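Colleague: Here it is, the structure in full.
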Amino acid sequence: MGGAQQKRVRVVVVLLALAAIFPIWKLLGVIIGGGSALAENGRSQGLSEVAVPALRGSIVDRNGAELAMSLPRVRVAANARELGRLGEEDPGAEGRFVAALAETTDAGEEDIMAALDGSAPDDPWVKLIDAATPAQAEAARELLTAEGVLPALLLEDTSIRVHPSEESGLRLVGTLGPDGPGPGAGIERVLDGELAGTAGTLMVERSPSGEVIAGSEEMVDAPVAGSTVQLTIDRNLQYEVERVLLRGAEKAGANGGVAIIGRPSTGELLAVAGVERNPEDGRLRLAQSPKAFADAHQAGSVFKLVPVSAAIEQGAVDIDSVFSVPHEIQVHDRTFSDHDPHPIAAMTVRDIVAKSSNVGTIKIAQQLGPELLHEALTGFGFGSRTGVANPAESSGVLTSPDDWNGPDLAASAIGTHQSATAVQLWSAYNVIANDGMYIPPRLVDSIRRGDGSVIDGSDVEGADSNGPRRVVSTETAAQVQQALGAVLTEGTAQSWASPGFPAAAKTGTSRMPSPDRADSEDGYIWADGQYHYLNAFTGYLPLDDPQLSVTVLLEDVDAGLTGSSGAGPVFHELARLGIRELSIAPQESSGTQFRLRAEPAAPTTVPGDVPDVGESAAADTGEASEESSSSEDPPDG
């Protein structure tokens, strides 16, 4: 062999030796130097964090009874790829898997098999059961282990939201969708941050293909359940109020309605109900929206509270001031009238309120002017949200006096220019019950967090109302209360006075705007060529110590009904219900009316008015004057 050839052989031998030594050297380096780091890196690639949802907090009534609560559930799924692998080794694996799940849960074998058959063979997550109980899931795990098919099982913690009262009060509480509370979902939406809780963290080990290895789960941070939200609502009273409203609305032929019961001194809402006609079958049902907060109405004569209170507060009139009240009055290009024709009558402010005279109320408002009347409407809470815990709450409509035309002062005085929600009206009448103080309505009593801390409900409500504030003086409130009391003793609501429980209230009847503007000249004429009417009745009792306030609105009632004849029966039944449920004691001086003075002072005549024309003329207005008519404006009560 030549020297050159020998040299080439030696080079090849060296290269082969190096090639053989290199893997050994690399392996030694791994073992000696970086082996632990690589092993740790391998483990870290197999571990991952999984969020564990927290159990949502409960919503309870004032007595602790559940209105909404979450129950822990487990979503059951299968790894189709793993189930197929098990089937290759054991043809009966899939059948035992399906049978075991059906035996331990409420799902049927056919439904489980259908879900598997409809999935791709390599699908790593095939949902089989949406919400099994934890006990069912554990039983399934044990049986699947015994059957040797556990690796195909996948479990995921979840929960379901239940409402023990079903539909009752549901529009106050709200509901949850797949992605949580929707835009108008009541308390669930407003206090979602408190109710949701804090998710936990679970560490799991995954196979190279990405599936969770059964039994590898380790809890790192436990989830923290959401806060408990306690409402001012009384669950039993809520149910009863809904039943009363359904019956009363049906009797009045109404297409919808609202009823509110609460405590005037605290603003606590004890029951808030809404009803509507089901468009599919025409039957009355509980409303699918929070009508008391969301729907605004031109509620008519119940607004007369405001100009009367403001005029007394300004010193323009007092309860005994006398106005000369004709049957009708011309204001710019419009004519406003009382319901029944009558000659010119001398009426005190008390009479004007009790008999619900539109003309008399307009004359009172003319003592104020647009700016002062608008200021008073704002002071009583109209034109702005109350801040109650409902995301669908409307502010109603109250335009600036700068935008008022000639007759708008008159229309505003009798409640046919602005609009308001039922909860705004309820809160406005509470001003007089509370000696002139506005107290925001409250739906949330408290929030109890998991750490034991308690947040008062007033801290999360009433932001838009600027909190409690004085609207009129105690003296003004006392005079207005006297006039409102006369509504039941000698005015439009005499039929609904309760012996032993003297009340202050106001009735109202007003035309409803046409929803489709059927008449180009008259927006209150509906497609059937007729006017449709709203009935209202709102007030509080007892006079000497108001403990209960009630507001009732009935929409689109049978023709001829007024606030007294339509909404009055509902108000009366709700008042009796509240008296019983709140254990309100009758007044000793039952049947007597609170008076500002022991003896009425001699009537005073407002400057510029016609002198008294006699009691007989005043009596001609009668209870029917609750409703009025106008050549161009909607009637009102």
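Letters A, B, ... mark the chains of the structure tokens in the order given; residue numbers begin at 1 per chain; ligand numbers begin at 1, in order shown.
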Please list as a PyMOL selection string every residue within 8 Å of range 61-67 of chain A, counting only C-alpha atoms and excluding residues in the same chain fewer than 6 positions away.
Modeller: chain A and resi 163-165+169+173+230-235+445
Colleague: Using N, CA, C and O atoms, can you export the residues from the last selection as a short mmCIF file (atom, residue, chain, number, x, y, z; two decimals), in the first residue's frame?
Modeller:
```cif
data_model
loop_
_atom_site.label_atom_id
_atom_site.label_comp_id
_atom_site.auth_asym_id
_atom_site.auth_seq_id
_atom_site.Cartn_x
_atom_site.Cartn_y
_atom_site.Cartn_z
N HIS A 163 -83.50 30.92 39.48
CA HIS A 163 -84.36 31.93 40.08
C HIS A 163 -85.50 31.23 40.80
O HIS A 163 -86.48 30.82 40.16
N PRO A 164 -85.38 31.06 42.12
CA PRO A 164 -86.42 30.34 42.87
C PRO A 164 -87.81 30.92 42.71
O PRO A 164 -88.79 30.19 42.81
N SER A 165 -87.92 32.22 42.46
CA SER A 165 -89.23 32.85 42.27
C SER A 165 -89.66 32.85 40.81
O SER A 165 -90.68 33.47 40.48
N GLY A 169 -90.41 39.16 39.79
CA GLY A 169 -89.29 40.06 40.09
C GLY A 169 -88.10 39.90 39.18
O GLY A 169 -87.05 40.52 39.42
N VAL A 173 -84.13 41.75 38.95
CA VAL A 173 -82.91 40.99 39.19
C VAL A 173 -82.06 40.92 37.93
O VAL A 173 -80.85 41.14 37.96
N GLN A 230 -78.08 42.09 48.68
CA GLN A 230 -79.39 42.06 49.32
C GLN A 230 -80.21 43.25 48.84
O GLN A 230 -79.77 44.40 48.93
N LEU A 231 -81.41 42.96 48.34
CA LEU A 231 -82.28 44.01 47.83
C LEU A 231 -83.26 44.47 48.90
O LEU A 231 -83.44 43.83 49.92
N THR A 232 -83.91 45.60 48.62
CA THR A 232 -84.96 46.09 49.51
C THR A 232 -86.29 45.39 49.22
O THR A 232 -87.24 45.53 49.99
N ILE A 233 -86.35 44.67 48.12
CA ILE A 233 -87.58 43.99 47.69
C ILE A 233 -87.97 42.90 48.69
O ILE A 233 -87.11 42.19 49.21
N ASP A 234 -89.28 42.79 48.92
CA ASP A 234 -89.82 41.68 49.70
C ASP A 234 -90.39 40.66 48.71
O ASP A 234 -91.31 40.97 47.96
N ARG A 235 -89.81 39.45 48.69
CA ARG A 235 -90.18 38.47 47.67
C ARG A 235 -91.67 38.12 47.71
O ARG A 235 -92.32 38.05 46.66
N ASP A 445 -80.20 47.07 49.23
CA ASP A 445 -80.06 47.30 50.65
C ASP A 445 -78.60 47.27 51.08
O ASP A 445 -78.12 48.16 51.76
#
```
Colleague: Find the nearest atom pair between each residue of range 312-353 of chain A and range 480-488 of chain A for residues within 9 Å, count only C-alpha atoms, give distances in Å to one decimal, sort rows by chain and ascending number, and present the table as CSV.
Modeller:
```
residue,atom,partner,partner_atom,distance
A:Ile312,CA,A:Val480,CA,8.3
A:Ile319,CA,A:Ala483,CA,7.2
A:Val349,CA,A:Ala483,CA,7.6
A:Arg350,CA,A:Ala483,CA,4.6
A:Asp351,CA,A:Ala483,CA,7.5
A:Ile352,CA,A:Ala483,CA,8.5
A:Val353,CA,A:Ala483,CA,6.0
```
Colleague: Selected residues, all heavy atoms, written as a PDB file, in the first residue's frame, please.
Modeller:
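Generated output (out-v3.pdb):
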```pdb
ATOM      1  N   ILE A 312     -97.058  77.611  46.388  1.00  0.00           N
ATOM      2  CA  ILE A 312     -97.122  77.803  47.841  1.00  0.00           C
ATOM      3  C   ILE A 312     -95.736  78.128  48.384  1.00  0.00           C
ATOM      4  O   ILE A 312     -95.566  79.023  49.229  1.00  0.00           O
ATOM      5  CB  ILE A 312     -97.700  76.547  48.522  1.00  0.00           C
ATOM      6  CG1 ILE A 312     -99.161  76.346  48.111  1.00  0.00           C
ATOM      7  CG2 ILE A 312     -97.588  76.651  50.036  1.00  0.00           C
ATOM      8  CD1 ILE A 312     -99.779  75.058  48.629  1.00  0.00           C
ATOM      9  N   ILE A 319    -103.013  77.453  50.692  1.00  0.00           N
ATOM     10  CA  ILE A 319    -104.018  76.430  50.465  1.00  0.00           C
ATOM     11  C   ILE A 319    -105.433  76.999  50.395  1.00  0.00           C
ATOM     12  O   ILE A 319    -106.324  76.411  49.777  1.00  0.00           O
ATOM     13  CB  ILE A 319    -103.915  75.351  51.573  1.00  0.00           C
ATOM     14  CG1 ILE A 319    -104.586  74.044  51.113  1.00  0.00           C
ATOM     15  CG2 ILE A 319    -104.499  75.837  52.872  1.00  0.00           C
ATOM     16  CD1 ILE A 319    -103.860  73.359  50.010  1.00  0.00           C
ATOM     17  N   VAL A 349    -107.293  76.688  46.429  1.00  0.00           N
ATOM     18  CA  VAL A 349    -106.231  75.796  45.942  1.00  0.00           C
ATOM     19  C   VAL A 349    -106.526  74.371  46.363  1.00  0.00           C
ATOM     20  O   VAL A 349    -106.332  73.418  45.592  1.00  0.00           O
ATOM     21  CB  VAL A 349    -104.865  76.262  46.463  1.00  0.00           C
ATOM     22  CG1 VAL A 349    -103.780  75.240  46.153  1.00  0.00           C
ATOM     23  CG2 VAL A 349    -104.500  77.626  45.877  1.00  0.00           C
ATOM     24  N   ARG A 350    -107.011  74.223  47.572  1.00  0.00           N
ATOM     25  CA  ARG A 350    -107.405  72.893  48.056  1.00  0.00           C
ATOM     26  C   ARG A 350    -108.466  72.284  47.138  1.00  0.00           C
ATOM     27  O   ARG A 350    -108.385  71.115  46.771  1.00  0.00           O
ATOM     28  CB  ARG A 350    -107.927  73.031  49.488  1.00  0.00           C
ATOM     29  CG  ARG A 350    -108.575  71.783  50.069  1.00  0.00           C
ATOM     30  CD  ARG A 350    -109.291  72.153  51.370  1.00  0.00           C
ATOM     31  NE  ARG A 350    -110.125  71.057  51.842  1.00  0.00           N
ATOM     32  CZ  ARG A 350    -109.767  70.196  52.780  1.00  0.00           C
ATOM     33  NH1 ARG A 350    -108.585  70.300  53.342  1.00  0.00           N
ATOM     34  NH2 ARG A 350    -110.588  69.237  53.156  1.00  0.00           N
ATOM     35  N   ASP A 351    -109.481  73.062  46.768  1.00  0.00           N
ATOM     36  CA  ASP A 351    -110.537  72.568  45.882  1.00  0.00           C
ATOM     37  C   ASP A 351    -109.983  72.204  44.505  1.00  0.00           C
ATOM     38  O   ASP A 351    -110.376  71.195  43.910  1.00  0.00           O
ATOM     39  CB  ASP A 351    -111.622  73.633  45.701  1.00  0.00           C
ATOM     40  CG  ASP A 351    -112.358  73.952  46.998  1.00  0.00           C
ATOM     41  OD1 ASP A 351    -112.442  73.057  47.860  1.00  0.00           O
ATOM     42  OD2 ASP A 351    -112.839  75.099  47.141  1.00  0.00           O
ATOM     43  N   ILE A 352    -109.083  73.026  43.995  1.00  0.00           N
ATOM     44  CA  ILE A 352    -108.514  72.797  42.664  1.00  0.00           C
ATOM     45  C   ILE A 352    -107.789  71.453  42.623  1.00  0.00           C
ATOM     46  O   ILE A 352    -107.917  70.691  41.660  1.00  0.00           O
ATOM     47  CB  ILE A 352    -107.570  73.952  42.288  1.00  0.00           C
ATOM     48  CG1 ILE A 352    -108.384  75.221  41.999  1.00  0.00           C
ATOM     49  CG2 ILE A 352    -106.698  73.588  41.090  1.00  0.00           C
ATOM     50  CD1 ILE A 352    -107.556  76.476  41.854  1.00  0.00           C
ATOM     51  N   VAL A 353    -107.039  71.153  43.682  1.00  0.00           N
ATOM     52  CA  VAL A 353    -106.334  69.869  43.745  1.00  0.00           C
ATOM     53  C   VAL A 353    -107.326  68.733  43.935  1.00  0.00           C
ATOM     54  O   VAL A 353    -107.268  67.706  43.247  1.00  0.00           O
ATOM     55  CB  VAL A 353    -105.293  69.878  44.876  1.00  0.00           C
ATOM     56  CG1 VAL A 353    -104.660  68.497  45.039  1.00  0.00           C
ATOM     57  CG2 VAL A 353    -104.219  70.922  44.605  1.00  0.00           C
TER      58      VAL A 353
END
```
Colleague: Using only C-alpha atoms for the distances, tell me which of A:Thr386, A:Ser564, A:Ser510, A:Ser583 is nearest to Trp496 in chain A.
Modeller: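 Under the stated criterion, the closest residue is A:Ser564.
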Colleague: Please identify all polymer residues within 10 Å of range 178-194 of chain A, counting only C-alpha atoms, omitting same-chain residues fewer than 6 positions from it, and present them as a ChimeraX atom specification.
Modeller: /A:56-59,68,170-172,225-229,231,289-290,294,388-393,443-444,447-449,460-461
Colleague: May I have the residues from that selection written out with N, CA, C and O atoms, as a compact mmCIF listing (two decimals), in the first residue's frame?
Modeller:
```
# COMPACT_ATOMS: atom_id res chain seq x y z
N ARG A 56 -70.84 32.59 41.18
CA ARG A 56 -71.44 33.92 41.22
C ARG A 56 -72.23 34.12 42.51
O ARG A 56 -72.89 33.20 43.00
N GLY A 57 -72.16 35.32 43.06
CA GLY A 57 -72.85 35.61 44.30
C GLY A 57 -74.35 35.59 44.15
O GLY A 57 -74.89 35.74 43.05
N SER A 58 -75.04 35.44 45.24
CA SER A 58 -76.50 35.37 45.23
C SER A 58 -77.10 36.77 45.32
O SER A 58 -76.50 37.70 45.85
N ILE A 59 -78.32 36.90 44.81
CA ILE A 59 -79.14 38.09 44.99
C ILE A 59 -80.32 37.66 45.86
O ILE A 59 -81.04 36.72 45.51
N ALA A 68 -81.95 35.10 43.07
CA ALA A 68 -81.07 34.53 42.04
C ALA A 68 -79.88 33.89 42.74
O ALA A 68 -79.31 34.49 43.65
N LEU A 170 -88.23 39.12 38.11
CA LEU A 170 -87.06 38.81 37.28
C LEU A 170 -86.52 40.04 36.55
O LEU A 170 -85.31 40.13 36.31
N ARG A 171 -87.38 41.01 36.22
CA ARG A 171 -86.89 42.19 35.51
C ARG A 171 -86.14 43.15 36.42
O ARG A 171 -85.43 44.05 35.95
N LEU A 172 -86.29 42.98 37.71
CA LEU A 172 -85.47 43.74 38.65
C LEU A 172 -84.11 43.07 38.82
O LEU A 172 -83.07 43.72 38.83
N ALA A 225 -65.76 33.25 45.70
CA ALA A 225 -67.15 33.45 45.29
C ALA A 225 -67.52 34.93 45.31
O ALA A 225 -66.95 35.73 46.05
N GLY A 226 -68.50 35.30 44.49
CA GLY A 226 -68.95 36.69 44.41
C GLY A 226 -69.70 37.13 45.66
O GLY A 226 -70.10 36.31 46.50
N SER A 227 -69.92 38.43 45.77
CA SER A 227 -70.61 39.01 46.92
C SER A 227 -72.09 38.67 46.88
O SER A 227 -72.66 38.38 45.82
N THR A 228 -72.72 38.71 48.04
CA THR A 228 -74.16 38.55 48.14
C THR A 228 -74.80 39.94 48.12
O THR A 228 -74.45 40.80 48.92
N VAL A 229 -75.72 40.16 47.19
CA VAL A 229 -76.41 41.45 47.07
C VAL A 229 -77.80 41.30 47.66
O VAL A 229 -78.59 40.47 47.20
N LEU A 231 -81.41 42.96 48.34
CA LEU A 231 -82.28 44.01 47.83
C LEU A 231 -83.26 44.47 48.90
O LEU A 231 -83.44 43.83 49.92
N SER A 289 -89.72 43.69 30.32
CA SER A 289 -88.78 44.79 30.53
C SER A 289 -89.11 45.48 31.85
O SER A 289 -90.23 45.34 32.35
N PRO A 290 -88.18 46.23 32.42
CA PRO A 290 -88.44 46.93 33.69
C PRO A 290 -89.25 48.20 33.46
O PRO A 290 -88.72 49.32 33.49
N ALA A 294 -88.11 52.10 32.90
CA ALA A 294 -87.76 52.37 31.51
C ALA A 294 -88.81 53.14 30.73
O ALA A 294 -88.47 53.86 29.79
N VAL A 388 -81.58 54.70 40.56
CA VAL A 388 -81.91 53.36 41.05
C VAL A 388 -81.11 52.34 40.25
O VAL A 388 -80.75 52.58 39.09
N ALA A 389 -80.83 51.19 40.86
CA ALA A 389 -79.93 50.21 40.25
C ALA A 389 -80.60 49.43 39.14
O ALA A 389 -80.91 48.25 39.27
N ASN A 390 -80.83 50.12 38.02
CA ASN A 390 -81.34 49.45 36.83
C ASN A 390 -80.78 50.16 35.61
O ASN A 390 -81.00 51.36 35.43
N PRO A 391 -80.04 49.44 34.77
CA PRO A 391 -79.37 50.10 33.63
C PRO A 391 -80.33 50.61 32.57
O PRO A 391 -79.93 51.41 31.73
N ALA A 392 -81.59 50.17 32.60
CA ALA A 392 -82.55 50.60 31.59
C ALA A 392 -83.33 51.84 32.03
O ALA A 392 -84.24 52.27 31.32
N GLU A 393 -82.98 52.43 33.17
CA GLU A 393 -83.76 53.56 33.67
C GLU A 393 -83.72 54.74 32.70
O GLU A 393 -82.66 55.12 32.20
N LEU A 443 -83.15 50.27 45.61
CA LEU A 443 -83.41 48.88 45.29
C LEU A 443 -82.39 47.95 45.95
O LEU A 443 -82.66 46.78 46.18
N VAL A 444 -81.21 48.49 46.27
CA VAL A 444 -80.14 47.70 46.89
C VAL A 444 -80.03 48.07 48.36
O VAL A 444 -79.81 49.23 48.70
N ILE A 447 -74.44 45.11 50.24
CA ILE A 447 -73.59 44.15 49.55
C ILE A 447 -72.67 43.52 50.58
O ILE A 447 -71.91 44.22 51.26
N ARG A 448 -72.76 42.20 50.72
CA ARG A 448 -71.91 41.48 51.68
C ARG A 448 -70.84 40.72 50.93
O ARG A 448 -71.12 39.79 50.16
N ARG A 449 -69.59 41.12 51.16
CA ARG A 449 -68.47 40.48 50.47
C ARG A 449 -67.97 39.26 51.24
O ARG A 449 -68.28 39.08 52.42
N VAL A 460 -74.17 52.74 46.21
CA VAL A 460 -74.14 52.33 44.80
C VAL A 460 -75.37 52.82 44.05
O VAL A 460 -75.50 52.56 42.86
N GLU A 461 -76.27 53.52 44.71
CA GLU A 461 -77.48 54.03 44.06
C GLU A 461 -77.62 55.53 44.31
O GLU A 461 -77.02 56.08 45.23
```
Colleague: What's around range 474-477 of chain A at 10 Å? Count only C-alpha atoms, leave out sequence neighbours fewer than 2 positions away in its own chain, and write the answer as a list in words.
Modeller: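 Counting only the stated atoms, we get Val308, Ser309, Ala310, Ala311, Ile312, Glu313, Gln314, Gly315, Asp318, Ile319, Val431, Ile432, Ala433, Asn434, Asp435, Gly436, Met437, Arg470, Val471, Val472, Gln479, Val480, Gln481, Gln482, Ala483 and Leu596 of chain A.
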Colleague: Got a sec: who's within 9 Å of Tyr429 in chain A, counting only C-alpha atoms, leaving out chain neighbours fewer than 5 positions off, as a VMD selection string?
Modeller: chain A and resid 264 305 380 424 434 505 538 to 540 549
Colleague: Let's have the selection written as a PDB file, in the first residue's frame, with N, CA and C atoms.
Modeller:
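Once written, selection36.pdb looks like this:
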```
ATOM      1  N   PRO A 264     -91.744  55.542  52.021  1.00  0.00           N
ATOM      2  CA  PRO A 264     -91.349  56.897  51.628  1.00  0.00           C
ATOM      3  C   PRO A 264     -90.177  57.443  52.437  1.00  0.00           C
ATOM      4  N   LEU A 305     -99.177  68.183  41.379  1.00  0.00           N
ATOM      5  CA  LEU A 305     -98.449  68.326  42.636  1.00  0.00           C
ATOM      6  C   LEU A 305     -97.398  69.429  42.546  1.00  0.00           C
ATOM      7  N   PHE A 380     -88.332  68.263  41.942  1.00  0.00           N
ATOM      8  CA  PHE A 380     -89.067  67.061  42.322  1.00  0.00           C
ATOM      9  C   PHE A 380     -88.515  65.803  41.653  1.00  0.00           C
ATOM     10  N   GLN A 424     -90.159  57.820  39.066  1.00  0.00           N
ATOM     11  CA  GLN A 424     -90.013  59.266  39.280  1.00  0.00           C
ATOM     12  C   GLN A 424     -91.248  59.829  39.958  1.00  0.00           C
ATOM     13  N   ASN A 434     -92.340  63.149  53.091  1.00  0.00           N
ATOM     14  CA  ASN A 434     -91.126  63.355  53.881  1.00  0.00           C
ATOM     15  C   ASN A 434     -90.921  64.818  54.269  1.00  0.00           C
ATOM     16  N   ALA A 505    -103.262  61.544  48.159  1.00  0.00           N
ATOM     17  CA  ALA A 505    -103.105  60.930  46.840  1.00  0.00           C
ATOM     18  C   ALA A 505    -103.562  61.877  45.753  1.00  0.00           C
ATOM     19  N   THR A 538    -101.565  57.816  42.540  1.00  0.00           N
ATOM     20  CA  THR A 538    -100.351  57.731  43.349  1.00  0.00           C
ATOM     21  C   THR A 538    -100.543  58.486  44.652  1.00  0.00           C
ATOM     22  N   GLY A 539     -99.984  57.963  45.739  1.00  0.00           N
ATOM     23  CA  GLY A 539    -100.124  58.609  47.041  1.00  0.00           C
ATOM     24  C   GLY A 539     -99.485  57.809  48.151  1.00  0.00           C
ATOM     25  N   TYR A 540     -99.791  58.189  49.393  1.00  0.00           N
ATOM     26  CA  TYR A 540     -99.161  57.554  50.552  1.00  0.00           C
ATOM     27  C   TYR A 540    -100.102  57.597  51.743  1.00  0.00           C
ATOM     28  N   SER A 549     -96.081  54.093  50.478  1.00  0.00           N
ATOM     29  CA  SER A 549     -96.428  54.894  49.305  1.00  0.00           C
ATOM     30  C   SER A 549     -96.640  53.963  48.125  1.00  0.00           C
TER      31      SER A 549
END
```
Colleague: What are the DSSP helix (DSSP H, G or I) residues of range 231-432 of chain A, as a PyMOL selection string?
Modeller: chain A and resi 235-251+291-294+300-313+349-355+358-366+370-379+401-403+408-413+422-432
Colleague: Between A:Glu555, A:Ala115, A:Trp526, A:Val224, which residue has the minimum interatomic distance to Gly256 in chain A, considering only C-alpha atoms?
Modeller: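 Among A:Glu555, A:Ala115, A:Trp526, A:Val224, it is A:Glu555 that comes nearest to Gly256 in chain A.
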Colleague: Apply DSSP to the backbone of this structure and, from range 381-455 of chain A, keep only the residues in strand (DSSP E or B); write these as a count of residues only.
Modeller: 14
Colleague: Using only C-alpha atoms, determine which residues lie at most 7 Å from Ile439 in chain A, disregarding the query and same-chain residues fewer than 4 positions distant; provide the list as a list in words.
Modeller: Thr266, Gly267, Gly467 and Pro468 of chain A
Colleague: Could you dump the residues just selected with N, CA and C atoms as a tab-separated table (two decimals), in the first residue's frame?
Modeller:
```tsv
chain	number	residue	atom	x	y	z
A	266	THR	N	-87.50	56.10	53.62
A	266	THR	CA	-86.18	55.58	53.27
A	266	THR	C	-85.96	55.45	51.78
A	267	GLY	N	-87.03	55.54	51.00
A	267	GLY	CA	-86.92	55.33	49.57
A	267	GLY	C	-86.84	53.86	49.18
A	467	GLY	N	-78.59	62.65	45.77
A	467	GLY	CA	-78.87	62.24	47.13
A	467	GLY	C	-80.05	62.98	47.75
A	468	PRO	N	-80.27	62.76	49.06
A	468	PRO	CA	-81.38	63.46	49.74
A	468	PRO	C	-81.19	64.98	49.66
```
Colleague: List the spatial neighbours of range 569-574 of chain A as a PyMOL selection string - criterion: any atom at most 10 Å away, only C-alpha atoms, same-chain residues fewer than 2 positions off excluded.
Modeller: chain A and resi 237+240-241+244-249+251-252+259-261+495-498+505+536-539+549-554+563-567+576-580
